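Report on the structure given below.
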4 protein chains.
Amino acid sequence: MSPQGVLGVAVIGTGKMGADHVRRLHHVISGARVTAVVDVDGERSKALADTLDGCTAYTEAAVALAAEDVDAVLIASPGPAHEAALLEALGRDLPILCEKPLTPDAASALRVLEAEQRLGHRRLQVGFMRRYDAEYVKLKQLLDGGELGRALMMHHRHRNPSMPSWFTTEMLISDSVVHEMDVTRWLLDQEITAVTVLKPTPSSLAPEGMSDPQLVLFETESGALVDVEIFGHCGYGYQVWAEAVCERGVVGIGDEHGPRLSADGRWGGRVTPDYIERFEDAYDRQVRAWVDATRRGEVTGPSAWDGYAAAAVCEAGVRAQREGRRVGVDLIERPDFYR
Amino acid sequence: MSPQGVLGVAVIGTGKMGADHVRRLHHVISGARVTAVVDVDGERSKALADTLDGCTAYTEAAVALAAEDVDAVLIASPGPAHEAALLEALGRDLPILCEKPLTPDAASALRVLEAEQRLGHRRLQVGFMRRYDAEYVKLKQLLDGGELGRALMMHHRHRNPSMPSWFTTEMLISDSVVHEMDVTRWLLDQEITAVTVLKPTPSSLAPEGMSDPQLVLFETESGALVDVEIFGHCGYGYQVWAEAVCERGVVGIGDEHGPRLSADGRWGGRVTPDYIERFEDAYDRQVRAWVDATRRGEVTGPSAWDGYAAAAVCEAGVRAQREGRRVGVDLIERPDFYR
Amino acid sequence: MSPQGVLGVAVIGTGKMGADHVRRLHHVISGARVTAVVDVDGERSKALADTLDGCTAYTEAAVALAAEDVDAVLIASPGPAHEAALLEALGRDLPILCEKPLTPDAASALRVLEAEQRLGHRRLQVGFMRRYDAEYVKLKQLLDGGELGRALMMHHRHRNPSMPSWFTTEMLISDSVVHEMDVTRWLLDQEITAVTVLKPTPSSLAPEGMSDPQLVLFETESGALVDVEIFGHCGYGYQVWAEAVCERGVVGIGDEHGPRLSADGRWGGRVTPDYIERFEDAYDRQVRAWVDATRRGEVTGPSAWDGYAAAAVCEAGVRAQREGRRVGVDLIERPDFYR
Amino acid sequence: MSPQGVLGVAVIGTGKMGADHVRRLHHVISGARVTAVVDVDGERSKALADTLDGCTAYTEAAVALAAEDVDAVLIASPGPAHEAALLEALGRDLPILCEKPLTPDAASALRVLEAEQRLGHRRLQVGFMRRYDAEYVKLKQLLDGGELGRALMMHHRHRNPSMPSWFTTEMLISDSVVHEMDVTRWLLDQEITAVTVLKPTPSSLAPEGMSDPQLVLFETESGALVDVEIFGHCGYGYQVWAEAVCERGVVGIGDEHGPRLSADGRWGGRVTPDYIERFEDAYDRQVRAWVDATRRGEVTGPSAWDGYAAAAVCEAGVRAQREGRRVGVDLIERPDFYR
């Protein structure tokens with residue numbers, strides 16, 4: 001670390017998400033600065049580095065991570081590139097914040113888990129940023145408080161106005177519902193044991209061939225039943241709701257906020273257009289928490305285990321979606337290291 | 001009353017409000033039927049009577065009220081015609097439901113009070129129908145329950161999309177705010193002692209020369225302070241809100257109801273277009289309560305005293321509006337008869 | 001009908017629901033009066049008849065329906081007694097309002113359908129009162145309006161604070177979810193084709209052996225997917241929500257209404273304790289609509305076909321619940337008579 | 001500034017607010033660090049400085065502001081101490097963020113205005129942090145957008161659960177309502193021209209001798225009428241609402257947020273306990289905006305003029321409160337410097 005204890009961060013991947021994290025580390029979060037940006041597209045990383053004092057552009061992660069002024073790594077490259085970067089960073093014992101997914105499948109996630117365990121201490125946090133959203137945090141507190149008893153069911157809604165053209169039916173599970181997989185595991189503090197995917201007749205406004213919306217069902221260790229409406233092309237805005245049905249009460253988050261306008265024969269407000277606006281504060285808090293913990297020499301937040309478990313549930317989900325049946329989730333026994 | 005105990009009602013005044021009460025008595029409410037309709041416009045009353053079995057049209061109230069099949073009177077003629085009809089009906093000792101205002105000014109209201117008192121028993125109910133609205137009733141129950149302590153302030157909002165062309169600035173007080181005068185007296189169970197009217201620069205969408213909106217302030221016997229926003233041309237719909245600020249909590253009614261729609265980048269619902277829709281159930285419940293009480297030989301609901309007090313507060317309000325100052329409300333001492 | 005066109009109604013069954021309908025016909029609704037009450041418990045019907053002018057108590061429906069002053073029949077006896085009463089009333093060509101269920105199973109419902117068809121005209125309305133609830137009616141209007149496109153999914157919540165001790169797991173389907181079966185058919189204007197019932201680990205506050213809550217899934221003719229959370233012992237109150245996910249927007253009803261109180265560190269309101277309070281207006285409107293239509297010689301509202309279809313879906317639902325699998329719904333082809 | 005362009009900030013006043021700003025500058029906001037803390041209580045400043053790297057404690061502002069590593073000043077001392085610190089900092093041409101009030105009265109505020117104008121450029125921002133609250137910002141955008149037409153009225157609610165024992169009736173105006181004075185001026189983009197204060201009978205739960213709650217009325221240049229309910233001892237939590245009544249619609253902020261719980265016969269949520277939690281994000285955004293602008297060599301946010309205008313309105317408000325009458329606001333003509 002630099003004399004004043006400012007964390008030097010290498011950001012791997014400088015696309016939309018990576019560039020936003022660079023801005024956040026430079027402009028929003030105290031105690032860290034971006035000393036390296038890495039992208040296979042050298043011109044893109046060079047252009048970004050030129051806007052920052054004391055930041056070097058690289059095309060290879062291995063070279064960047066060897067630099068003296070790199071104390072920690074934030075990985076925001078595409079999912080298939082994660083494993084190599086993670087193993088490199090773990091090999092150098094560097095603290096890591098890795099955007100979700102940890103890796104695209106359970107087998108590669110397991111290899112990462114093993115690499116971290118070989119270090120003998122935790123170094124890796126996965127970017128499930130909803131755990132840092134103010135409303136989810138309060139929901140978690142209410143559930144943990146115990147007054148409501150055990151959670152019996154959860155209902156989730158996850159709606160996007162539209163999806164990019166390259167977005168596939170499978171990605172509705174692995175890129176979108178993966179967030180509900182993680183918050184369900186976190187809120188209920190237990191693993192998901194099986195997944196079922198149900199497909200109504202698609203919206204005529206969804207792309208040809210895409211099955212949208214869908215209803216995804218999770219079963220959990222305690223026998224809770226969780227449903228997720230995932231709707232990629234709802235047209236009107238971005239909405240995320242969650243409701244926990246407990247033995248002694250029901251608690252929900254995600255009602256529409258902001259100014260309430262009465263005009264033209266209607267009352268109401270504006271729907272957030274995308275996840276960037278909806279979860280802006282959560283992204284900020286996540287990176288701040290990671291920087292703070294890293295400077296204290298600790299690892300908090302979602303672990304590699306959470307990344308692995310999400311990958312395994314996603315695999316089951318995609319299979320359930322494809323085969324039209326309930327698919328059990330196979331998990332290795334949880335190592336003590338991750339308890 | 002007819003053999004089966006069905007109340008024969010004469011409806012005086014067959015304009016918009018009167019015709020609606022005829023429909024209500026005939027079609028909605030059990031235990032009553034319209035046996036006489038009275039209007040100075042004989043053709044209008046005749047046309048209405050022809051649509052009903054066993055109903056006679058009259059042009060003079062005195063003749064109608066003398067008819068054998070008239071057991072009770074509902075007065076829905078214009079305010080200036082009320083006094084004569086009320087004195088006639090009281091002279092015949094008939095049960096009366098009189099649309100608000102009881103009479104247009106305090107002096108004439110006092111004459112009605114005296115006539116009723118001469119009977120030695122109550123016969124007269126005034127049509128302040130908000131007291132029958134489900135939300136106001138629940139608000140009253142909460143305030144009467146006592147857990148919230150004394151009411152210190154009330155805030156009212158009373159908005160109309162627009163007003164007819166003949167509606168004057170004074171009528172904003174005597175025709176619109178009169179409802180807030182009555183519910184304030186009823187909810188707080190005390191008299192209004194002074195009125196002040198404040199006029200912001202009018203909306204450019206209000207008619208030329210009309211001061212709209214206005215803020216009307218009431219002071220009450222216990223020193224509570226009440227503000228009323230009256231807005232006759234808000235443009236977007238009909239809204240009535242009320243909020244009581246008490247020592248141990250704040251309670252409000254009038255949030256927007258009905259289906260909540262998310263579409264086109266917005267969430268929300270429809271604003272009720274007018275008081276007919278907003279208070280439909282209250283009108284029904286009011287007339288049903290009057291019919292029921294009358295058949296039992298009782299008088300419940302807002303009394304002639306309430307009509308007189310409202311007239312006196314209106315007089316003060318109109319003077320406060322005209323003179324731009326705080327005006328005290330003069331009330332005679334409340335007769336034991338009305339306690 | 002009596003000289004003044006007042007409908008003479010025989011009410012069969014004088015338990016909780018029947019007695020409430022007697023009160024409604026006598027006290028709330030215009031144009032009808034109760035001329036006969038029928039109950040196998042003769043003392044109960046006698047006691048009730050004694051409170052009403054011109055009402056006779058019977059122990060046998062056949063005798064009551066033969067009386068001169070009986071123009072129409074309201075059936076509120078237990079479900080298993082419905083078929084006999086319905087066939088008797090249809091045999092006499094009397095207008096009928098029959099509390100749900102029409103009959104307890106699809107086979108008996110079919111026999112009623114056949115009896116009505118033999119008359120050559122419709123006589124029978126089934127008491128699915130949610131179709132008369134103001135919020136459901138507005139939801140239906142929005143869906144029928146077409147601006148939102150086709151409904152892709154529906155989400156229902158149906159929660160009771162608790163259930164009587166004799167309430168079984170099967171009755172969660174046939175007595176509670178039957179309402180969602182009917183409103184789904186009505187709102188989407190199509191039949192339900194299959195039912196699946198999923199059971200999370202029950203609440204520890206539900207009675208021993210009862211599987212509560214449950215998630216019930218319907219598939220419809222157009223391929224819409226509908227989920228219903230049924231929770232019989234949620235403990236805190238009665239809540240009914242419905243949300244339709246359409247191609248161009250999402251619309252929901254059932255948010256909590258009434259006064260909003262801020263006190264003791266919390267904001268919010270009271271949850272309705274039971275369906276009687278929540279659907280009071282719907283019951284009133286249903287009976288008023290039936291009386292009005294009957295006096296006009298018409299039949300409107302849910303038909304015997306709706307009663308039969310609900311019975312068939314219930315049968316499938318109970319089997320799905322018992323066997324833990326998706327069960328298709330078998331319906332006869334809809335007769336032209338019921339189109 | 002230090003080599004890496006990090007702003008060295010002297011924080012004057014290390015009480016509750018000052019200590020919180022130290023935490024914010026050190027821990028939350030990027031691009032700044034606290035190099036000096038100043039307090040007449042030397043032990044308090046010393047204790048705080050010891051927790052921070054490279055921070056020196058002072059007892060005199062003049063000495064601290066002369067230090068080499070001080071690039072900018074944040075003033076969080078009590079109001080009466082502001083003028084001296086402001087003049088000292090302006091004398092050194094240092095960028096300043098000064099907690100509200102600028103100074104306790106209009107005359108001293110004018111002296112600060114003159115000192116800043118002598119510099120020939122702006123250096124001073126006043127800490128009216130509500131202008132950085134996400135909801136107020138959206139409200140401002142809606143009003144500025146123009147679709148709603150001119151604002152005719154505003155309604156504000158400002159409730160605290162309780163006030164410290166040393167809080168006086170006057171401070172309800174100068175310490176609490178001052179926020180509504182500023183946001184009203186900012187939202188409507190015009191000056192307040194007169195103030196009236198109305199006092200209902202106080203709550204029995206307010207301290208003996210304190211007039212609480214009150215209704216404060218503002219008139220503005222365009223003739224808009226603004227009412228503020230200020231309630232210092234509402235008991236149940238901290239609530240801030242604002243509603244603008246415009247020619248073409250009404251828009252409000254401040255509805256209760258967070259998880260919505262249904263339990264124990266009630267629905268609703270938790271009321272924020274204090275302004276620290278309610279406006280946490282606004283404080284963060286304010287200081288971040290000040291640090292960013294300062295590093296760019298700019299001054300944005302509320303100016304010394306805004307501080308002066310608020311002081312003048314407060315003076316009028318306190319006089320109106322004391323004398324029980326409408327009091328006009330005297331402002332000097334706005335210097336071009338502050339346009």
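Following the order of the structure tokens, chains are lettered A, B, ..., residues in each are numbered from 1, and ligands are numbered from 1.
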What are the residues of chain C lining chain D at 7 Å or less? Count only C-alpha atoms, and put the answer as a compact mmCIF listing (two decimals) with N, CA, C and O atoms, in the first residue's frame.
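The new file out29.txt reads:
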```
# COMPACT_ATOMS: atom_id res chain seq x y z
N TYR C 236 -52.00 -12.87 11.06
CA TYR C 236 -52.11 -11.43 11.28
C TYR C 236 -53.35 -10.78 10.69
O TYR C 236 -53.64 -9.62 11.01
N GLY C 237 -54.10 -11.48 9.83
CA GLY C 237 -55.28 -10.84 9.23
C GLY C 237 -55.66 -11.49 7.91
O GLY C 237 -55.09 -12.52 7.53
N SER C 262 -49.29 7.04 11.91
CA SER C 262 -47.89 7.09 12.33
C SER C 262 -47.85 7.24 13.84
O SER C 262 -48.33 8.25 14.35
N ALA C 263 -47.31 6.26 14.50
CA ALA C 263 -47.25 6.32 15.97
C ALA C 263 -46.27 5.26 16.44
O ALA C 263 -46.04 4.27 15.74
N ASP C 264 -45.67 5.49 17.59
CA ASP C 264 -44.82 4.46 18.21
C ASP C 264 -43.72 3.96 17.28
O ASP C 264 -43.43 2.76 17.25
N GLY C 265 -43.12 4.85 16.50
CA GLY C 265 -42.00 4.44 15.66
C GLY C 265 -42.39 3.68 14.41
O GLY C 265 -41.53 3.14 13.72
N ARG C 266 -43.69 3.61 14.11
CA ARG C 266 -44.14 2.87 12.93
C ARG C 266 -45.20 3.66 12.16
O ARG C 266 -45.90 4.48 12.73
N TRP C 267 -45.30 3.39 10.85
CA TRP C 267 -46.39 3.93 10.05
C TRP C 267 -47.16 2.74 9.47
O TRP C 267 -46.58 1.65 9.32
N GLY C 268 -48.43 2.95 9.13
CA GLY C 268 -49.17 1.87 8.49
C GLY C 268 -50.62 1.87 8.93
O GLY C 268 -51.14 2.88 9.39
N GLY C 269 -51.27 0.73 8.75
CA GLY C 269 -52.69 0.66 9.08
C GLY C 269 -53.07 -0.72 9.56
O GLY C 269 -52.23 -1.58 9.82
N ARG C 270 -54.34 -0.91 9.63
CA ARG C 270 -54.92 -2.14 10.18
C ARG C 270 -55.20 -3.11 9.04
O ARG C 270 -55.64 -2.70 7.97
N VAL C 271 -54.94 -4.39 9.25
CA VAL C 271 -55.31 -5.40 8.27
C VAL C 271 -56.73 -5.87 8.55
O VAL C 271 -57.08 -6.12 9.70
```
Who sits within 9 Å of Leu172 of chain B, only C-alpha atoms, same chain under 5 positions skipped, as a ChimeraX atom specification: /B:167,177-178,212-214,230-232
Please write the residues from the selection above to a file, keeping N, CA and C atoms, as a PDB file, in the first residue's frame.
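As a result, part-v8.pdb now contains:
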```
ATOM      1  N   PHE B 167     -69.835  29.124 -10.575  1.00  0.00           N
ATOM      2  CA  PHE B 167     -69.289  28.950  -9.226  1.00  0.00           C
ATOM      3  C   PHE B 167     -68.437  30.173  -8.861  1.00  0.00           C
ATOM      4  N   VAL B 177     -65.718  24.222   1.231  1.00  0.00           N
ATOM      5  CA  VAL B 177     -65.062  24.111   2.542  1.00  0.00           C
ATOM      6  C   VAL B 177     -66.078  23.821   3.644  1.00  0.00           C
ATOM      7  N   VAL B 178     -67.358  24.078   3.382  1.00  0.00           N
ATOM      8  CA  VAL B 178     -68.369  23.756   4.388  1.00  0.00           C
ATOM      9  C   VAL B 178     -68.281  22.291   4.805  1.00  0.00           C
ATOM     10  N   ASP B 212     -58.328  31.203  -6.740  1.00  0.00           N
ATOM     11  CA  ASP B 212     -58.297  29.743  -6.589  1.00  0.00           C
ATOM     12  C   ASP B 212     -56.881  29.271  -6.848  1.00  0.00           C
ATOM     13  N   PRO B 213     -56.221  28.550  -5.953  1.00  0.00           N
ATOM     14  CA  PRO B 213     -56.711  27.954  -4.701  1.00  0.00           C
ATOM     15  C   PRO B 213     -56.659  28.941  -3.538  1.00  0.00           C
ATOM     16  N   GLN B 214     -57.117  28.477  -2.362  1.00  0.00           N
ATOM     17  CA  GLN B 214     -57.024  29.255  -1.136  1.00  0.00           C
ATOM     18  C   GLN B 214     -56.637  28.328   0.027  1.00  0.00           C
ATOM     19  N   ILE B 230     -58.231  24.508  -0.377  1.00  0.00           N
ATOM     20  CA  ILE B 230     -59.359  24.315  -1.282  1.00  0.00           C
ATOM     21  C   ILE B 230     -58.877  24.735  -2.668  1.00  0.00           C
ATOM     22  N   PHE B 231     -59.046  23.832  -3.628  1.00  0.00           N
ATOM     23  CA  PHE B 231     -58.535  24.089  -4.982  1.00  0.00           C
ATOM     24  C   PHE B 231     -59.645  23.625  -5.936  1.00  0.00           C
ATOM     25  N   GLY B 232     -60.301  24.585  -6.547  1.00  0.00           N
ATOM     26  CA  GLY B 232     -61.455  24.270  -7.384  1.00  0.00           C
ATOM     27  C   GLY B 232     -61.103  23.841  -8.799  1.00  0.00           C
TER      28      GLY B 232
END
```
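Put simply, atom CA of Leu102 of chain A is 23.7 Å away from atom CA of Ala242 of chain A.
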When you look at segment 146-154 of chain B with a cut-off of 6 Å (counting only C-alpha atoms), what residues show up, excluding the ones that are within fewer than 4 positions of it in the same chain? I need them as number ranges by chain. B: 224-226, 243-249
Generate the output file for the selected residues, N, CA and C atoms, as a compact mmCIF listing (two decimals), in the first residue's frame.
```txt
# COMPACT_ATOMS: atom_id res chain seq x y z
N ALA B 224 -57.15 24.01 18.84
CA ALA B 224 -56.56 23.29 17.70
C ALA B 224 -56.56 24.21 16.47
N LEU B 225 -55.59 24.00 15.60
CA LEU B 225 -55.45 24.82 14.40
C LEU B 225 -55.64 23.90 13.19
N VAL B 226 -56.52 24.32 12.29
CA VAL B 226 -56.90 23.46 11.17
C VAL B 226 -56.68 24.23 9.87
N GLU B 243 -55.87 14.81 7.65
CA GLU B 243 -54.82 14.29 8.52
C GLU B 243 -54.96 14.97 9.88
N ALA B 244 -54.99 14.17 10.92
CA ALA B 244 -55.08 14.72 12.28
C ALA B 244 -53.74 14.53 12.96
N VAL B 245 -53.19 15.64 13.46
CA VAL B 245 -51.91 15.61 14.18
C VAL B 245 -52.23 15.61 15.66
N CYS B 246 -51.98 14.48 16.31
CA CYS B 246 -52.35 14.35 17.72
C CYS B 246 -51.10 14.29 18.58
N GLU B 247 -51.32 14.30 19.88
CA GLU B 247 -50.18 14.31 20.80
C GLU B 247 -49.33 13.05 20.68
N ARG B 248 -49.95 11.93 20.35
CA ARG B 248 -49.20 10.67 20.34
C ARG B 248 -49.15 10.00 18.97
N GLY B 249 -49.51 10.73 17.93
CA GLY B 249 -49.44 10.12 16.61
C GLY B 249 -50.20 10.94 15.60
```
Please list as a VMD selection string every residue within 6 Å of Arg157 of chain B, counting only C-alpha atoms and excluding residues in the same chain fewer than 2 positions away. chain B and resid 228 to 229 240 to 241
Next, dump the selected residues to file, keeping only all heavy atoms, as a PDB file, in the first residue's frame.
```
ATOM      1  N   VAL B 228     -57.085  24.145   5.582  1.00  0.00           N
ATOM      2  CA  VAL B 228     -57.782  23.497   4.466  1.00  0.00           C
ATOM      3  C   VAL B 228     -57.255  24.092   3.164  1.00  0.00           C
ATOM      4  O   VAL B 228     -57.388  25.289   2.938  1.00  0.00           O
ATOM      5  CB  VAL B 228     -59.302  23.759   4.517  1.00  0.00           C
ATOM      6  CG1 VAL B 228     -60.006  22.984   3.404  1.00  0.00           C
ATOM      7  CG2 VAL B 228     -59.874  23.431   5.876  1.00  0.00           C
ATOM      8  N   GLU B 229     -56.656  23.264   2.344  1.00  0.00           N
ATOM      9  CA  GLU B 229     -56.389  23.710   0.977  1.00  0.00           C
ATOM     10  C   GLU B 229     -57.640  23.445   0.165  1.00  0.00           C
ATOM     11  O   GLU B 229     -58.057  22.300   0.018  1.00  0.00           O
ATOM     12  CB  GLU B 229     -55.216  22.939   0.357  1.00  0.00           C
ATOM     13  CG  GLU B 229     -54.965  23.355  -1.088  1.00  0.00           C
ATOM     14  CD  GLU B 229     -54.275  22.279  -1.917  1.00  0.00           C
ATOM     15  OE1 GLU B 229     -53.285  21.700  -1.447  1.00  0.00           O
ATOM     16  OE2 GLU B 229     -54.760  21.991  -3.038  1.00  0.00           O
ATOM     17  N   VAL B 240     -59.778  14.216  -1.813  1.00  0.00           N
ATOM     18  CA  VAL B 240     -60.083  14.688  -0.467  1.00  0.00           C
ATOM     19  C   VAL B 240     -59.170  13.959   0.502  1.00  0.00           C
ATOM     20  O   VAL B 240     -59.177  12.722   0.542  1.00  0.00           O
ATOM     21  CB  VAL B 240     -61.567  14.437  -0.125  1.00  0.00           C
ATOM     22  CG1 VAL B 240     -61.818  14.634   1.355  1.00  0.00           C
ATOM     23  CG2 VAL B 240     -62.455  15.372  -0.926  1.00  0.00           C
ATOM     24  N   TRP B 241     -58.371  14.698   1.221  1.00  0.00           N
ATOM     25  CA  TRP B 241     -57.483  14.115   2.228  1.00  0.00           C
ATOM     26  C   TRP B 241     -57.744  14.785   3.557  1.00  0.00           C
ATOM     27  O   TRP B 241     -58.144  15.952   3.602  1.00  0.00           O
ATOM     28  CB  TRP B 241     -56.005  14.375   1.885  1.00  0.00           C
ATOM     29  CG  TRP B 241     -55.470  13.678   0.691  1.00  0.00           C
ATOM     30  CD1 TRP B 241     -56.088  12.729  -0.059  1.00  0.00           C
ATOM     31  CD2 TRP B 241     -54.186  13.881   0.079  1.00  0.00           C
ATOM     32  NE1 TRP B 241     -55.266  12.340  -1.092  1.00  0.00           N
ATOM     33  CE2 TRP B 241     -54.095  13.028  -1.030  1.00  0.00           C
ATOM     34  CE3 TRP B 241     -53.096  14.701   0.363  1.00  0.00           C
ATOM     35  CZ2 TRP B 241     -52.973  12.972  -1.858  1.00  0.00           C
ATOM     36  CZ3 TRP B 241     -51.979  14.643  -0.454  1.00  0.00           C
ATOM     37  CH2 TRP B 241     -51.916  13.783  -1.541  1.00  0.00           C
TER      38      TRP B 241
END
```
What separates atom CA of Gly79 of chain D and atom CA of His179 of chain D is a distance of 15.0 Å
Taking the backbone alone, and naming residues the way the document does, which bits of segment 265-333 of chain D are helix (DSSP H, G or I) by DSSP, as JSON, numbers by chain? {"D": [275, 276, 277, 278, 280, 281, 282, 283, 284, 285, 286, 287, 288, 289, 290, 291, 292, 293, 294, 295, 304, 305, 306, 307, 308, 309, 310, 311, 312, 313, 314, 315, 316, 317, 318, 319, 320, 321, 322, 323]}
Which residues are close to Ala49 of chain A, i.e. within 12 Å by only C-alpha atoms, leaving aside same-chain residues fewer than 4 positions away? Reply as a CSV table (one decimal) with N, CA and C atoms, in the first residue's frame.
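Full text of selection38.csv as output:
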```csv
chain,number,residue,atom,x,y,z
A,10,ALA,N,-6.0,-2.9,-9.1
A,10,ALA,CA,-6.0,-3.2,-10.5
A,10,ALA,C,-7.4,-3.6,-10.9
A,11,VAL,N,-7.9,-3.0,-12.0
A,11,VAL,CA,-9.2,-3.4,-12.4
A,11,VAL,C,-9.1,-4.1,-13.7
A,14,THR,N,-12.4,-3.6,-18.8
A,14,THR,CA,-12.8,-2.1,-18.8
A,14,THR,C,-14.0,-1.9,-19.7
A,19,ALA,N,-15.5,0.0,-16.3
A,19,ALA,CA,-15.3,1.4,-16.3
A,19,ALA,C,-16.0,2.1,-15.2
A,22,VAL,N,-14.1,1.7,-12.1
A,22,VAL,CA,-12.9,2.6,-12.1
A,22,VAL,C,-13.4,4.0,-11.6
A,23,ARG,N,-14.5,4.4,-12.2
A,23,ARG,CA,-15.1,5.7,-11.7
A,23,ARG,C,-15.4,5.7,-10.2
A,26,HIS,N,-12.2,5.7,-8.1
A,26,HIS,CA,-11.4,7.0,-8.2
A,26,HIS,C,-12.2,8.1,-7.6
A,33,ARG,N,-7.2,3.8,-4.9
A,33,ARG,CA,-7.1,4.4,-6.2
A,33,ARG,C,-6.7,3.3,-7.2
A,34,VAL,N,-7.1,3.6,-8.4
A,34,VAL,CA,-6.9,2.6,-9.5
A,34,VAL,C,-5.4,2.8,-10.0
A,35,THR,N,-4.6,1.8,-9.8
A,35,THR,CA,-3.2,2.0,-10.3
A,35,THR,C,-3.0,1.2,-11.6
A,36,ALA,N,-3.9,0.3,-11.9
A,36,ALA,CA,-3.7,-0.5,-13.1
A,36,ALA,C,-5.1,-0.8,-13.7
A,37,VAL,N,-5.2,-0.7,-15.0
A,37,VAL,CA,-6.4,-1.2,-15.7
A,37,VAL,C,-5.9,-2.2,-16.8
A,38,VAL,N,-6.7,-3.3,-16.9
A,38,VAL,CA,-6.3,-4.4,-17.8
A,38,VAL,C,-7.4,-4.7,-18.7
A,39,ASP,N,-7.1,-4.8,-20.0
A,39,ASP,CA,-8.1,-5.2,-21.0
A,39,ASP,C,-7.3,-5.8,-22.2
A,42,GLY,N,-6.2,-3.3,-25.8
A,42,GLY,CA,-5.2,-2.4,-25.2
A,42,GLY,C,-5.5,-0.9,-25.4
A,43,GLU,N,-6.2,-0.6,-26.5
A,43,GLU,CA,-6.5,0.8,-26.7
A,43,GLU,C,-7.5,1.3,-25.7
A,44,ARG,N,-8.5,0.4,-25.4
A,44,ARG,CA,-9.5,0.8,-24.5
A,44,ARG,C,-8.9,1.1,-23.1
A,45,SER,N,-8.1,0.1,-22.6
A,45,SER,CA,-7.5,0.3,-21.3
A,45,SER,C,-6.5,1.5,-21.3
A,53,ASP,N,-4.6,9.9,-12.8
A,53,ASP,CA,-3.2,10.0,-12.4
A,53,ASP,C,-2.6,8.7,-11.9
A,54,GLY,N,-1.4,8.4,-12.3
A,54,GLY,CA,-0.7,7.3,-11.7
A,54,GLY,C,-1.3,5.9,-12.0
A,55,CYS,N,-2.0,5.8,-13.1
A,55,CYS,CA,-2.6,4.5,-13.5
A,55,CYS,C,-2.0,4.0,-14.8
A,56,THR,N,-1.6,2.7,-14.8
A,56,THR,CA,-0.9,2.1,-16.0
A,56,THR,C,-1.9,1.2,-16.7
A,57,ALA,N,-1.8,1.2,-18.0
A,57,ALA,CA,-2.7,0.3,-18.8
A,57,ALA,C,-1.9,-1.0,-19.1
A,58,TYR,N,-2.6,-2.1,-19.0
A,58,TYR,CA,-2.0,-3.4,-19.3
A,58,TYR,C,-2.9,-4.2,-20.3
A,59,THR,N,-2.3,-5.2,-21.0
A,59,THR,CA,-3.2,-6.1,-21.7
A,59,THR,C,-3.2,-7.5,-21.1
```
Selection near Asp133 of chain A, 8 Å with only C-alpha atoms, sequence-local residues under 4 positions removed, as an MDAnalysis selection string: chainID A and resid 129 137 279 281:282 285
Atom CA of Tyr308 of chain B to atom CA of Arg288 of chain B: how many Å, to one decimal?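 These atoms are spaced 23.5 Å apart.
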For Lys138 of chain C, which of C:Asp93, C:Val313, C:Asp182, C:Val251 is the closest residue, counting only C-alpha atoms?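 When distances to Lys138 of chain C are compared using only C-alpha atoms, the smallest one comes from C:Val251.
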For Val318 of chain D, work out the shell of residues within 8 Å, counting only C-alpha atoms and skipping chain neighbours fewer than 6 positions away, then give it as a list in words.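 What passes the distance filter is Glu170, Ile173 and Ser174 of chain D.
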Write out the residues from the selection above, keeping C-alpha atoms, as a tab-separated table (two decimals), in the first residue's frame.
```tsv
chain	number	residue	atom	x	y	z
D	170	GLU	CA	-37.49	30.27	18.80
D	173	ILE	CA	-37.96	28.51	13.59
D	174	SER	CA	-34.26	29.25	13.39
```
Going by DSSP on the backbone, which bits of segment 67-153 of chain A are strand (DSSP E or B)? Write them as a PyMOL selection string, please. chain A and resi 72-75+96-99+124-127+151-153
